[in-house]
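For reference, final-v7.cif is printed below; it contains mmCIF, C-alpha atoms.
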data_start
#
loop_
_atom_site.label_atom_id
_atom_site.label_comp_id
_atom_site.auth_asym_id
_atom_site.auth_seq_id
_atom_site.Cartn_x
_atom_site.Cartn_y
_atom_site.Cartn_z
CA MET A 1443 -41.27 -33.53 -6.31
CA LEU A 1444 -38.02 -31.83 -5.19
CA ASN A 1445 -34.82 -33.19 -6.63
CA TYR A 1446 -31.39 -32.41 -5.11
CA PHE A 1447 -28.40 -31.70 -7.32
CA HIS A 1448 -25.23 -31.19 -5.24
CA PRO A 1449 -24.18 -28.42 -4.67
CA ILE A 1450 -26.89 -26.63 -6.71
CA GLU A 1451 -30.48 -27.78 -6.64
CA LYS A 1452 -33.10 -26.74 -9.16
CA LEU A 1453 -36.80 -26.89 -8.29
CA ASN A 1454 -39.23 -26.46 -11.16
CA SER A 1455 -42.25 -28.35 -12.43
CA VAL A 1456 -42.51 -28.77 -16.19
CA HIS A 1457 -44.86 -31.05 -18.11
CA PRO A 1458 -42.79 -33.57 -20.04
CA THR A 1459 -45.00 -33.35 -23.07
CA SER A 1460 -45.86 -29.72 -23.54
CA GLY A 1461 -42.78 -28.20 -21.91
CA THR A 1462 -44.86 -25.46 -20.28
CA SER A 1463 -45.37 -24.66 -16.65
CA ASP A 1464 -48.23 -26.30 -14.81
CA THR A 1465 -49.32 -22.89 -13.52
CA ASP A 1466 -51.01 -19.90 -15.08
CA CYS A 1467 -48.63 -17.33 -13.55
CA SER A 1468 -47.17 -16.31 -16.89
CA PRO A 1469 -48.73 -16.34 -20.38
CA GLU A 1470 -47.78 -18.96 -22.89
CA GLN A 1471 -44.05 -19.58 -22.67
CA PRO A 1472 -41.95 -20.90 -25.54
CA LEU A 1473 -41.16 -24.60 -25.52
CA ASN A 1474 -38.47 -25.54 -22.93
CA SER A 1475 -38.23 -21.91 -21.70
CA ALA A 1476 -37.10 -21.33 -18.12
CA PRO A 1477 -39.59 -19.99 -15.57
CA LEU A 1478 -39.51 -16.21 -15.37
CA LEU A 1479 -39.23 -16.19 -11.57
CA GLN A 1480 -35.73 -17.26 -10.54
CA LEU A 1481 -34.68 -17.78 -6.93
CA LEU A 1482 -31.42 -18.64 -5.18
CA LEU A 1483 -31.36 -20.23 -1.74
CA PHE A 1484 -28.00 -20.06 0.05
CA VAL A 1485 -27.54 -22.68 2.79
CA ASP A 1486 -24.78 -24.23 4.88
CA LYS A 1487 -24.19 -27.61 6.50
CA ARG A 1488 -25.21 -26.70 10.06
CA SER A 1489 -27.97 -28.86 11.51
CA SER A 1490 -30.03 -25.78 12.41
CA SER A 1491 -29.61 -24.47 8.89
CA ARG A 1492 -30.74 -27.79 7.41
CA GLU A 1493 -33.93 -27.63 9.47
CA GLN A 1494 -34.65 -24.09 8.30
CA THR A 1495 -33.94 -25.10 4.73
CA ARG A 1496 -36.44 -27.96 4.99
CA HIS A 1497 -39.20 -25.57 6.10
CA ILE A 1498 -38.34 -23.06 3.38
CA ARG A 1499 -38.43 -25.74 0.69
CA LYS A 1500 -41.82 -26.93 1.96
CA SER A 1501 -43.21 -23.40 1.81
CA LEU A 1502 -41.88 -22.90 -1.70
CA LYS A 1503 -43.37 -26.21 -2.79
CA ASP A 1504 -46.80 -25.04 -1.57
CA LEU A 1505 -46.38 -21.69 -3.34
CA LYS A 1506 -45.39 -23.35 -6.57
CA ALA A 1507 -49.04 -24.06 -7.30
CA GLU A 1508 -49.56 -20.31 -7.61
CA CYS A 1509 -46.57 -19.44 -9.80
CA ASP A 1510 -43.94 -21.47 -11.57
CA PHE A 1511 -40.36 -20.68 -10.58
CA GLU A 1512 -36.85 -22.04 -10.67
CA LEU A 1513 -34.99 -22.53 -7.41
CA GLN A 1514 -31.27 -23.14 -7.16
CA ILE A 1515 -29.92 -24.19 -3.77
CA ILE A 1516 -26.27 -23.26 -3.22
CA ASP A 1517 -23.99 -24.50 -0.46
CA VAL A 1518 -21.91 -21.50 0.65
CA GLY A 1519 -19.21 -23.85 1.91
CA GLU A 1520 -18.61 -25.13 -1.61
CA GLN A 1521 -19.22 -21.87 -3.48
CA PRO A 1522 -18.15 -19.04 -1.14
CA ASP A 1523 -17.33 -16.84 -4.12
CA LEU A 1524 -21.02 -16.65 -5.00
CA ALA A 1525 -21.92 -15.68 -1.43
CA GLU A 1526 -19.33 -12.93 -1.60
CA HIS A 1527 -20.59 -11.88 -5.02
CA PHE A 1528 -24.10 -11.37 -3.64
CA LYS A 1529 -22.74 -9.77 -0.42
CA LEU A 1530 -24.57 -12.22 1.86
CA VAL A 1531 -24.06 -11.95 5.62
CA ALA A 1532 -26.20 -14.86 6.86
CA THR A 1533 -27.60 -18.24 5.88
CA PRO A 1534 -30.08 -19.32 4.90
CA SER A 1535 -30.82 -16.44 2.51
CA LEU A 1536 -33.34 -16.39 -0.31
CA LEU A 1537 -32.60 -14.17 -3.33
CA LYS A 1538 -35.02 -13.17 -6.06
CA ILE A 1539 -32.77 -12.49 -9.02
CA HIS A 1540 -35.34 -12.32 -11.81
CA PRO A 1541 -37.36 -10.30 -12.67
CA GLU A 1542 -35.46 -7.28 -11.45
CA PRO A 1543 -35.03 -5.60 -9.07
CA ARG A 1544 -33.01 -8.14 -7.13
CA GLN A 1545 -34.19 -8.77 -3.56
CA THR A 1546 -32.68 -10.64 -0.60
CA LEU A 1547 -34.62 -12.21 2.26
CA ALA A 1548 -32.78 -13.39 5.36
CA GLY A 1549 -33.32 -13.82 9.07
CA SER A 1550 -35.13 -16.10 11.47
CA ASN A 1551 -38.55 -15.14 10.03
CA LEU A 1552 -37.62 -15.87 6.44
CA ILE A 1553 -40.80 -17.88 5.73
CA ALA A 1554 -42.98 -15.02 6.94
CA GLN A 1555 -41.05 -12.63 4.71
CA LEU A 1556 -41.48 -14.99 1.78
CA GLU A 1557 -45.26 -15.16 2.25
CA HIS A 1558 -45.38 -11.36 2.50
CA TRP A 1559 -43.43 -10.75 -0.70
CA TRP A 1560 -44.79 -13.64 -2.78
CA PRO A 1561 -47.85 -11.78 -4.16
CA ARG A 1562 -45.61 -8.92 -5.30
CA TRP A 1563 -43.18 -11.32 -6.93
CA LYS A 1564 -46.06 -12.99 -8.71
CA ARG A 1565 -47.31 -9.64 -10.04
CA SER A 1566 -43.80 -8.72 -11.20
CA VAL A 1567 -43.63 -11.96 -13.19
CA GLU A 1568 -46.99 -11.27 -14.80
CA GLU A 1569 -46.00 -7.71 -15.71
CA TYR A 1570 -42.67 -8.87 -17.11
CA ALA A 1571 -44.33 -11.60 -19.18
CA ALA A 1572 -46.90 -9.16 -20.57
CA GLN A 1573 -44.17 -6.76 -21.61
CA GLN A 1574 -42.19 -9.50 -23.29
CA HIS A 1575 -45.20 -10.59 -25.36
CA SER A 1576 -46.23 -7.13 -26.55
CA ALA A 1577 -45.23 -6.27 -30.09
CA ALA A 1578 -43.27 -3.20 -29.08
CA ALA A 1579 -41.40 -5.04 -26.36
CA LEU A 1580 -40.60 -7.86 -28.76
CA ALA A 1581 -38.87 -5.48 -31.19
CA GLU A 1582 -37.01 -3.81 -28.36
CA SER A 1583 -35.97 -7.15 -26.91
CA LEU A 1584 -33.79 -7.80 -29.95
CA THR A 1585 -31.34 -5.22 -28.65
CA ASP A 1586 -32.16 -4.28 -25.07
CA ALA A 1587 -33.64 -7.30 -23.30
CA LYS A 1588 -31.60 -8.71 -20.47
CA PRO A 1589 -31.09 -12.50 -20.29
CA ILE A 1590 -32.55 -14.48 -17.46
CA TYR A 1591 -29.99 -14.79 -14.66
CA SER A 1592 -27.66 -17.77 -14.55
CA VAL A 1593 -25.64 -18.93 -11.56
CA ALA A 1594 -23.05 -20.27 -13.96
CA CYS A 1595 -22.71 -16.75 -15.37
CA ALA A 1596 -22.36 -15.39 -11.83
CA ALA A 1597 -19.56 -17.86 -11.07
CA GLU A 1598 -17.83 -16.90 -14.30
CA LEU A 1599 -18.26 -13.22 -13.42
CA VAL A 1600 -16.57 -13.83 -10.06
CA GLN A 1601 -13.66 -15.57 -11.80
CA LEU A 1602 -13.35 -12.69 -14.24
CA SER A 1603 -13.37 -10.24 -11.33
CA ASP A 1604 -10.52 -12.18 -9.70
CA GLU A 1605 -8.60 -12.09 -12.98
CA VAL A 1606 -9.14 -8.34 -13.30
CA PHE A 1607 -7.87 -7.91 -9.74
CA ARG A 1608 -4.76 -9.98 -10.53
CA LEU A 1609 -4.09 -7.93 -13.66
CA LYS A 1610 -4.45 -4.72 -11.66
CA GLN A 1611 -1.86 -6.01 -9.19
CA GLU A 1612 0.51 -6.83 -12.05
CA LYS A 1613 -0.05 -3.37 -13.48
CA GLU A 1614 0.77 -1.76 -10.12
CA HIS A 1615 3.92 -3.88 -9.87
CA LEU A 1616 5.06 -2.77 -13.33
CA GLN A 1617 4.33 0.83 -12.44
CA GLU A 1618 6.47 0.43 -9.32
CA GLN A 1619 9.29 -0.91 -11.48
CA LEU A 1620 9.06 2.13 -13.75
CA GLN A 1621 8.95 4.49 -10.79
CA LEU A 1622 12.03 2.76 -9.38
CA LYS A 1623 14.05 4.07 -12.33
CA ASP A 1624 12.97 7.60 -11.46
CA ARG A 1625 13.93 7.05 -7.83
CA ILE A 1626 17.36 5.75 -8.85
CA ILE A 1627 17.99 8.91 -10.86
CA ALA A 1628 16.81 10.99 -7.89
CA MET A 1629 19.13 9.08 -5.57
CA LEU A 1630 22.04 9.74 -7.89
CA ALA A 1631 21.26 13.44 -7.98
CA HIS A 1632 20.64 13.75 -4.26
CA ASP A 1633 22.95 11.44 -2.34
CA LEU A 1634 26.00 11.43 -4.59
CA ARG A 1635 26.25 15.20 -4.63
CA ASN A 1636 27.86 15.59 -1.19
CA PRO A 1637 30.76 13.10 -1.55
CA LEU A 1638 31.44 14.23 -5.11
CA THR A 1639 31.61 17.86 -3.95
CA ALA A 1640 33.96 16.98 -1.09
CA ALA A 1641 36.24 14.95 -3.37
CA SER A 1642 36.22 17.72 -5.97
CA LEU A 1643 37.18 20.41 -3.43
CA ALA A 1644 40.03 18.29 -2.09
CA LEU A 1645 41.42 17.66 -5.58
CA GLU A 1646 41.06 21.31 -6.60
CA THR A 1647 43.01 22.38 -3.50
CA LEU A 1648 45.78 19.90 -4.30
CA GLU A 1649 45.82 21.02 -7.91
CA SER A 1650 46.10 24.72 -6.99
CA ASN A 1651 48.98 23.91 -4.65
CA GLN A 1652 50.89 22.20 -7.47
CA LYS A 1653 50.63 25.37 -9.56
CA VAL A 1654 52.66 27.39 -7.03
CA LYS A 1655 55.40 29.24 -8.87
CA GLU A 1656 59.05 28.60 -8.23
CA GLY A 1657 60.38 30.51 -5.27
CA GLU A 1658 56.95 30.76 -3.62
CA LYS A 1659 56.23 28.91 -0.42
CA SER A 1660 53.73 26.04 -0.66
CA ARG A 1661 50.43 26.85 0.96
CA LEU A 1662 49.90 23.23 2.03
CA THR A 1663 51.99 21.30 4.51
CA PRO A 1664 52.82 17.68 3.57
CA SER A 1665 50.49 16.40 6.29
CA LEU A 1666 47.60 18.54 5.06
CA ALA A 1667 48.20 17.48 1.46
CA ALA A 1668 48.20 13.83 2.56
CA HIS A 1669 44.97 14.44 4.48
CA LEU A 1670 43.32 15.99 1.40
CA MET A 1671 44.42 13.10 -0.77
CA LYS A 1672 43.07 10.63 1.77
CA GLN A 1673 39.81 12.59 1.95
CA ALA A 1674 39.39 12.56 -1.84
CA ARG A 1675 40.10 8.83 -2.00
CA ARG A 1676 37.65 8.18 0.84
CA GLN A 1677 34.86 10.18 -0.80
CA ILE A 1678 35.36 8.35 -4.10
CA GLN A 1679 35.04 5.04 -2.22
CA ILE A 1680 31.75 6.26 -0.77
CA VAL A 1681 30.51 7.15 -4.27
CA ASP A 1682 31.52 3.70 -5.53
CA ARG A 1683 29.63 2.02 -2.71
CA MET A 1684 26.52 4.11 -3.33
CA ILE A 1685 26.55 3.15 -7.00
CA THR A 1686 26.77 -0.51 -5.96
CA ASP A 1687 23.71 -0.04 -3.74
CA ILE A 1688 21.79 1.67 -6.52
CA LEU A 1689 22.54 -1.18 -8.91
CA GLN A 1690 21.39 -3.62 -6.24
CA ALA A 1691 18.17 -1.64 -5.76
CA ALA A 1692 17.56 -1.75 -9.52
CA ARG A 1693 17.17 -5.55 -9.28
CA GLY A 1694 13.96 -5.15 -7.27
CA THR A 1695 11.98 -2.81 -5.09
CA ASN A 1696 12.62 -4.95 -1.98
CA ALA A 1697 16.41 -4.88 -2.17
CA GLN A 1698 17.96 -4.23 1.24
CA LEU A 1699 20.69 -1.73 2.07
CA HIS A 1700 24.14 -3.23 2.38
CA ILE A 1701 25.33 -2.62 5.95
CA GLU A 1702 28.81 -3.38 7.29
CA PRO A 1703 28.60 -2.62 11.03
CA LYS A 1704 31.61 -2.40 13.30
CA ARG A 1705 32.65 -0.67 16.50
CA ILE A 1706 32.87 3.08 15.92
CA GLU A 1707 33.30 6.26 17.94
CA LEU A 1708 30.19 8.26 17.21
CA GLY A 1709 31.73 11.50 18.45
CA ALA A 1710 34.55 11.27 15.90
CA ILE A 1711 32.04 10.58 13.13
CA CYS A 1712 30.12 13.72 14.12
CA GLN A 1713 33.26 15.87 14.08
CA ASP A 1714 34.16 14.66 10.57
CA VAL A 1715 30.71 15.55 9.30
CA ILE A 1716 30.75 18.96 10.99
CA LEU A 1717 33.98 19.81 9.15
CA GLN A 1718 32.23 19.22 5.83
CA PHE A 1719 29.62 21.86 6.69
CA GLN A 1720 31.89 24.62 8.00
CA ASP A 1721 31.84 26.62 4.76
CA LYS A 1722 28.08 26.18 4.31
CA PHE A 1723 27.37 27.31 7.87
CA GLN A 1724 29.70 30.29 7.56
CA ALA A 1725 28.03 31.38 4.34
CA LYS A 1726 24.73 31.81 6.23
CA SER A 1727 26.31 32.91 9.53
CA LEU A 1728 24.73 29.94 11.28
CA ASN A 1729 25.62 29.20 14.88
CA LEU A 1730 26.43 25.52 15.43
CA GLU A 1731 26.03 24.28 19.00
CA THR A 1732 27.29 20.82 19.90
CA ASP A 1733 26.89 18.60 22.95
CA ILE A 1734 29.01 15.50 22.38
CA PRO A 1735 30.05 13.81 25.66
CA ALA A 1736 33.59 12.52 25.83
CA ASP A 1737 32.59 9.30 27.59
CA LEU A 1738 30.21 7.99 24.96
CA PRO A 1739 30.25 4.20 24.55
CA LEU A 1740 31.21 2.67 21.22
CA VAL A 1741 28.28 1.98 18.92
CA TYR A 1742 27.88 -0.91 16.52
CA ALA A 1743 27.15 0.64 13.13
CA ASP A 1744 28.35 1.22 9.59
CA PRO A 1745 30.39 4.46 9.72
CA ASP A 1746 29.75 5.42 6.09
CA ARG A 1747 26.02 4.91 6.46
CA ILE A 1748 25.82 6.90 9.68
CA LYS A 1749 27.77 9.71 8.03
CA GLN A 1750 25.24 9.57 5.23
CA VAL A 1751 22.40 10.06 7.74
CA MET A 1752 24.15 12.93 9.52
CA VAL A 1753 25.03 14.64 6.26
CA ASN A 1754 21.39 14.49 5.16
CA LEU A 1755 20.10 15.83 8.47
CA LEU A 1756 22.71 18.61 8.75
CA ASP A 1757 22.16 19.53 5.12
CA ASN A 1758 18.43 19.94 5.80
CA ALA A 1759 19.16 21.88 8.99
CA SER A 1760 21.42 24.34 7.14
CA LYS A 1761 18.91 24.61 4.30
CA TYR A 1762 15.87 25.45 6.46
CA THR A 1763 17.55 27.49 9.18
CA PRO A 1764 17.41 31.22 8.36
CA ASP A 1765 20.58 33.35 8.27
CA ARG A 1766 22.19 33.81 11.70
CA GLY A 1767 20.01 31.00 13.04
CA THR A 1768 21.09 28.12 15.26
CA VAL A 1769 21.73 24.44 14.55
CA ASN A 1770 22.26 22.06 17.45
CA LEU A 1771 23.89 18.61 17.36
CA SER A 1772 23.82 16.53 20.53
CA ILE A 1773 24.39 12.91 21.55
CA LEU A 1774 22.80 11.25 24.56
CA HIS A 1775 23.64 7.86 26.10
CA ARG A 1776 19.97 6.97 26.62
CA THR A 1777 20.12 3.43 27.94
CA ALA A 1778 22.60 0.61 28.34
CA TYR A 1779 21.66 -0.47 24.84
CA LYS A 1780 21.08 2.73 22.86
CA VAL A 1781 22.70 6.03 21.99
CA GLN A 1782 20.55 8.87 20.66
CA VAL A 1783 21.68 11.52 18.18
CA SER A 1784 19.64 14.73 17.84
CA ILE A 1785 20.02 17.41 15.17
CA CYS A 1786 17.86 20.48 15.72
CA ASN A 1787 17.33 23.69 13.79
CA SER A 1788 15.57 27.01 14.33
CA GLY A 1789 13.78 26.92 10.99
CA PRO A 1790 10.06 27.08 10.10
CA GLY A 1791 9.27 23.67 11.54
CA ILE A 1792 7.00 20.95 10.16
CA PRO A 1793 3.18 20.94 10.34
CA GLU A 1794 1.95 18.45 12.91
CA GLU A 1795 -0.13 16.54 10.37
CA ASP A 1796 2.99 15.94 8.21
CA CYS A 1797 5.36 14.71 10.94
CA ALA A 1798 4.26 11.10 10.43
CA SER A 1799 4.67 11.32 6.63
CA ILE A 1800 7.96 13.20 6.42
CA PHE A 1801 9.98 9.96 6.15
CA GLU A 1802 7.91 8.50 3.30
CA ASP A 1803 9.57 8.01 -0.07
CA SER A 1804 9.23 11.08 -2.34
CA PHE A 1805 7.12 12.95 0.26
CA ARG A 1806 7.57 16.71 0.19
CA LEU A 1807 5.95 19.45 2.22
CA GLN A 1808 3.60 21.71 0.32
CA ARG A 1809 5.88 24.69 0.90
CA ASP A 1810 8.80 22.83 -0.73
CA LYS A 1811 7.05 21.76 -3.94
CA SER A 1812 8.56 24.67 -5.89
CA THR A 1813 12.12 24.21 -4.59
CA ASP A 1814 14.85 21.86 -5.74
CA GLY A 1815 14.85 18.38 -4.26
CA TYR A 1816 13.36 14.93 -4.61
CA GLY A 1817 11.92 14.18 -1.18
CA ILE A 1818 14.05 11.06 -0.70
CA GLY A 1819 16.73 12.18 1.78
CA LEU A 1820 14.72 11.42 4.94
CA SER A 1821 13.41 8.20 3.40
CA LEU A 1822 17.00 7.06 2.88
CA CYS A 1823 17.85 8.02 6.47
CA GLN A 1824 14.96 5.94 7.77
CA GLY A 1825 16.07 2.94 5.72
CA ILE A 1826 19.62 3.17 7.05
CA ILE A 1827 18.60 3.57 10.70
CA ARG A 1828 16.10 0.72 10.51
CA ALA A 1829 18.78 -1.48 8.96
CA HIS A 1830 20.74 -0.83 12.19
CA TYR A 1831 17.67 -1.82 14.27
CA GLY A 1832 17.34 1.78 15.41
CA GLN A 1833 14.54 4.33 15.32
CA ILE A 1834 14.27 7.75 13.69
CA TRP A 1835 11.61 10.39 14.34
CA VAL A 1836 11.02 14.14 14.40
CA ASP A 1837 9.71 16.59 17.00
CA SER A 1838 8.62 19.88 15.54
CA VAL A 1839 6.73 23.05 16.40
CA PRO A 1840 5.68 25.29 13.49
CA ASP A 1841 7.74 28.51 13.34
CA ARG A 1842 9.98 27.27 16.18
CA GLY A 1843 12.13 24.66 14.45
CA SER A 1844 12.49 20.90 14.27
CA CYS A 1845 14.53 18.22 16.03
CA PHE A 1846 15.39 14.98 14.23
CA HIS A 1847 16.41 12.09 16.49
CA PHE A 1848 17.75 8.63 15.76
CA THR A 1849 19.09 5.81 17.91
CA LEU A 1850 21.91 3.33 17.36
CA PRO A 1851 22.82 0.15 19.29
CA VAL A 1852 25.65 0.24 21.82
CA GLN A 1853 28.53 -2.15 21.14
CA LYS A 1854 28.53 -4.94 23.71
#

For the structure just supplied, provide its representation as structure tokens.
Amino acid sequence: MLNYFHPIEKLNSVHPTSGTSDTDCSPEQPLNSAPLLQLLLFVDKRSSSREQTRHIRKSLKDLKAECDFELQIIDVGEQPDLAEHFKLVATPSLLKIHPEPRQTLAGSNLIAQLEHWWPRWKRSVEEYAAQQHSAAALAESLTDAKPIYSVACAAELVQLSDEVFRLKQEKEHLQEQLQLKDRIIAMLAHDLRNPLTAASLALETLESNQKVKEGEKSRLTPSLAAHLMKQARRQIQIVDRMITDILQAARGTNAQLHIEPKRIELGAICQDVILQFQDKFQAKSLNLETDIPADLPLVYADPDRIKQVMVNLLDNASKYTPDRGTVNLSILHRTAYKVQVSICNSGPGIPEEDCASIFEDSFRLQRDKSTDGYGIGLSLCQGIIRAHYGQIWVDSVPDRGSCFHFTLPVQK
């Protein structure tokens, strides 16, 4: 008689006195041993599924006279982890889990499949039992025999798999924390270099002017000296702010950039940045072309951050443009809500397959692997522009140069 144990049902017939199966499918089994044929039936609570399950159970009950077996009925709604563990795609499904190999039957003709495979399953049980009772197999079983399958073990295995997955996630998080330290060092080396260099040049110029001998005319006018002092102070403030951001980033990988937007004249920002690159452009005889309309609207952005983006893009343009090449900086009032800045160069360009990855953190082109750099400049630019609710992208043709574009919101 079938007995139902919710959510797992076991179906086996054992004599209460002898403890052996009431069939002759397997040779003499030890007292209270489990049947060698083990089956799992996965069902759900649908009415159609219940009807199918009833027919399957009836068929199995008729087949039980031929071979003893153990059946466990599992409700996938209450134990979905087991269904996932066995990679089931439909219910009801009947699994033979012992003896191996494991086999799954599913579909509308499940009973027909069961009747087709039953003789083979019966033979596999007989062969397995014979092997287990041979003298050689008995000695080998002390070390190599596999235990009869247990659903409880399967459930525990699923839990262990979940725990392993959680530990892997924690490991990845710790690795990200360690990599963050490397990125902070790279940020220091990359992004602090430009303002430190500018401040250093301004102070060196002021210092050389103070060493003018008596009777000689000063090479700096008072207004120029004041401008250099202001420039040095400004660059040091930028360095201080960057250090604050780096310390903020060190508290977690999801720390956001600190943005202080206000109304700014983008054309004036561009001119200030261009002045910083005059010596670098002259050293390579680069031709700088600009198209900065005089009637540009004010944009709502953080001036220091936008300078940081332009410095990065112009620095890359000067780096990759060959001697006597051309760099172009233009601004376009695209819509009533956006202004677009474009910085183009006549360098080697970027392979098409890398254009989508060029803004990723620490990404470097294959050709640049042997050169100095950390691959974080464009990633920083993307973070800054996105913090302003703008977009940044690149258009490039190999051997014909690249154009980097970004948009900023118009002040309303």

Counting only C-alpha atoms, the residue of A:Glu1618, A:Glu1493, A:Asp1733, A:Asp1604 that sits nearest His1775 (chain A)
A:Asp1733

Which of A:Val1839, A:Leu1728, A:Leu1740, A:Ile1734 sits closest to Ala1759 (chain A) [using only C-alpha atoms]
A:Leu1728

Just checking: using only C-alpha atoms, which residue out of A:Val1769, A:Cys1845, A:Ile1678, A:Ala1554 ends up closest to Thr1639 (chain A)?
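Checking each candidate against Thr1639 (chain A), we get A:Ile1678 as the closest.
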
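Between His1830 (chain A) and the candidates A:Arg1635, A:Arg1766, A:Arg1747, A:Arg1608, the tightest atom-to-atom separation, counting all atoms listed in the file, involves A:Arg1747.
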
The distance between CA of Ala1743 (chain A) and CA of His1847 (chain A) is 16.1 Å

Using all atoms listed in the file, which protein or nucleic acid residues come within 9 Å of Ser1501 (chain A)? Drop anything in the same chain fewer than 3 positions from it, and give the result as number ranges by chain.
A: 1496-1498, 1504-1506, 1553, 1556-1557

Pick out the residues sitting within 12 Å of Lys1672 (chain A), and hand them over as a VMD selection string; count all atoms listed in the file, and ignore anything fewer than 6 positions along from it in its own chain.
chain A and resid 1640 to 1641 1644 to 1645 1648 1665 to 1666 1678 to 1679

Residues matched by the PyMOL selection byres ((chain A and resi 1844) around 8) as a VMD selection string:
chain A and resid 1786 to 1792 1836 to 1839 1842 to 1843 1845 to 1846

For the structure provided, state which residues fall under the PyMOL selection byres ((chain A and resi 1546) around 9), and present them as a list in words.
Leu1530, Ser1535, Leu1536, Leu1537, Lys1538, Ile1539, Arg1544, Gln1545, Leu1547 and Ala1548 of chain A

List the residues selected by the PyMOL selection byres ((chain A and resi 1779) around 12) in the file shown, writing them as a compact mmCIF listing (two decimals) with C-alpha atoms, keeping the file's coordinate frame.
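And here is the file that came out, expr_34.txt:
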# COMPACT_ATOMS: atom_id res chain seq x y z
CA PRO A 1739 30.25 4.20 24.55
CA LEU A 1740 31.21 2.67 21.22
CA VAL A 1741 28.28 1.98 18.92
CA TYR A 1742 27.88 -0.91 16.52
CA LEU A 1774 22.80 11.25 24.56
CA HIS A 1775 23.64 7.86 26.10
CA ARG A 1776 19.97 6.97 26.62
CA THR A 1777 20.12 3.43 27.94
CA ALA A 1778 22.60 0.61 28.34
CA LYS A 1780 21.08 2.73 22.86
CA VAL A 1781 22.70 6.03 21.99
CA GLN A 1782 20.55 8.87 20.66
CA TYR A 1831 17.67 -1.82 14.27
CA GLY A 1832 17.34 1.78 15.41
CA THR A 1849 19.09 5.81 17.91
CA LEU A 1850 21.91 3.33 17.36
CA PRO A 1851 22.82 0.15 19.29
CA VAL A 1852 25.65 0.24 21.82
CA GLN A 1853 28.53 -2.15 21.14
CA LYS A 1854 28.53 -4.94 23.71

Using the structure just given, write a file holding N, CA, C and O atoms for region 1822-1832 of chain A, as a tab-separated table (two decimals), in the first residue's frame.
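Contents of selection14.tsv, freshly written:
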chain	number	residue	atom	x	y	z
A	1822	LEU	N	38.30	57.74	-15.55
A	1822	LEU	CA	38.00	58.89	-14.70
A	1822	LEU	C	37.16	59.92	-15.44
A	1822	LEU	O	36.21	60.49	-14.87
A	1823	CYS	N	37.47	60.15	-16.71
A	1823	CYS	CA	36.69	61.09	-17.51
A	1823	CYS	C	35.23	60.65	-17.59
A	1823	CYS	O	34.31	61.46	-17.45
A	1824	GLN	N	35.02	59.37	-17.83
A	1824	GLN	CA	33.66	58.86	-17.93
A	1824	GLN	C	32.91	59.04	-16.61
A	1824	GLN	O	31.74	59.44	-16.61
A	1825	GLY	N	33.59	58.77	-15.49
A	1825	GLY	CA	32.94	58.96	-14.19
A	1825	GLY	C	32.53	60.39	-13.95
A	1825	GLY	O	31.45	60.67	-13.43
A	1826	ILE	N	33.39	61.33	-14.34
A	1826	ILE	CA	33.09	62.75	-14.14
A	1826	ILE	C	31.92	63.19	-15.01
A	1826	ILE	O	30.99	63.87	-14.54
A	1827	ILE	N	31.95	62.81	-16.30
A	1827	ILE	CA	30.89	63.24	-17.21
A	1827	ILE	C	29.55	62.63	-16.81
A	1827	ILE	O	28.51	63.30	-16.84
A	1828	ARG	N	29.56	61.38	-16.41
A	1828	ARG	CA	28.30	60.75	-15.98
A	1828	ARG	C	27.77	61.40	-14.71
A	1828	ARG	O	26.56	61.48	-14.51
A	1829	ALA	N	28.67	61.84	-13.84
A	1829	ALA	CA	28.24	62.53	-12.62
A	1829	ALA	C	27.55	63.85	-12.96
A	1829	ALA	O	26.78	64.38	-12.16
A	1830	HIS	N	27.83	64.39	-14.16
A	1830	HIS	CA	27.16	65.61	-14.64
A	1830	HIS	C	25.93	65.28	-15.50
A	1830	HIS	O	25.39	66.17	-16.14
A	1831	TYR	N	25.55	64.01	-15.55
A	1831	TYR	CA	24.42	63.55	-16.37
A	1831	TYR	C	24.68	63.79	-17.85
A	1831	TYR	O	23.76	64.04	-18.64
A	1832	GLY	N	25.95	63.71	-18.23
A	1832	GLY	CA	26.34	63.84	-19.63
A	1832	GLY	C	26.76	62.51	-20.20
A	1832	GLY	O	26.68	61.47	-19.55
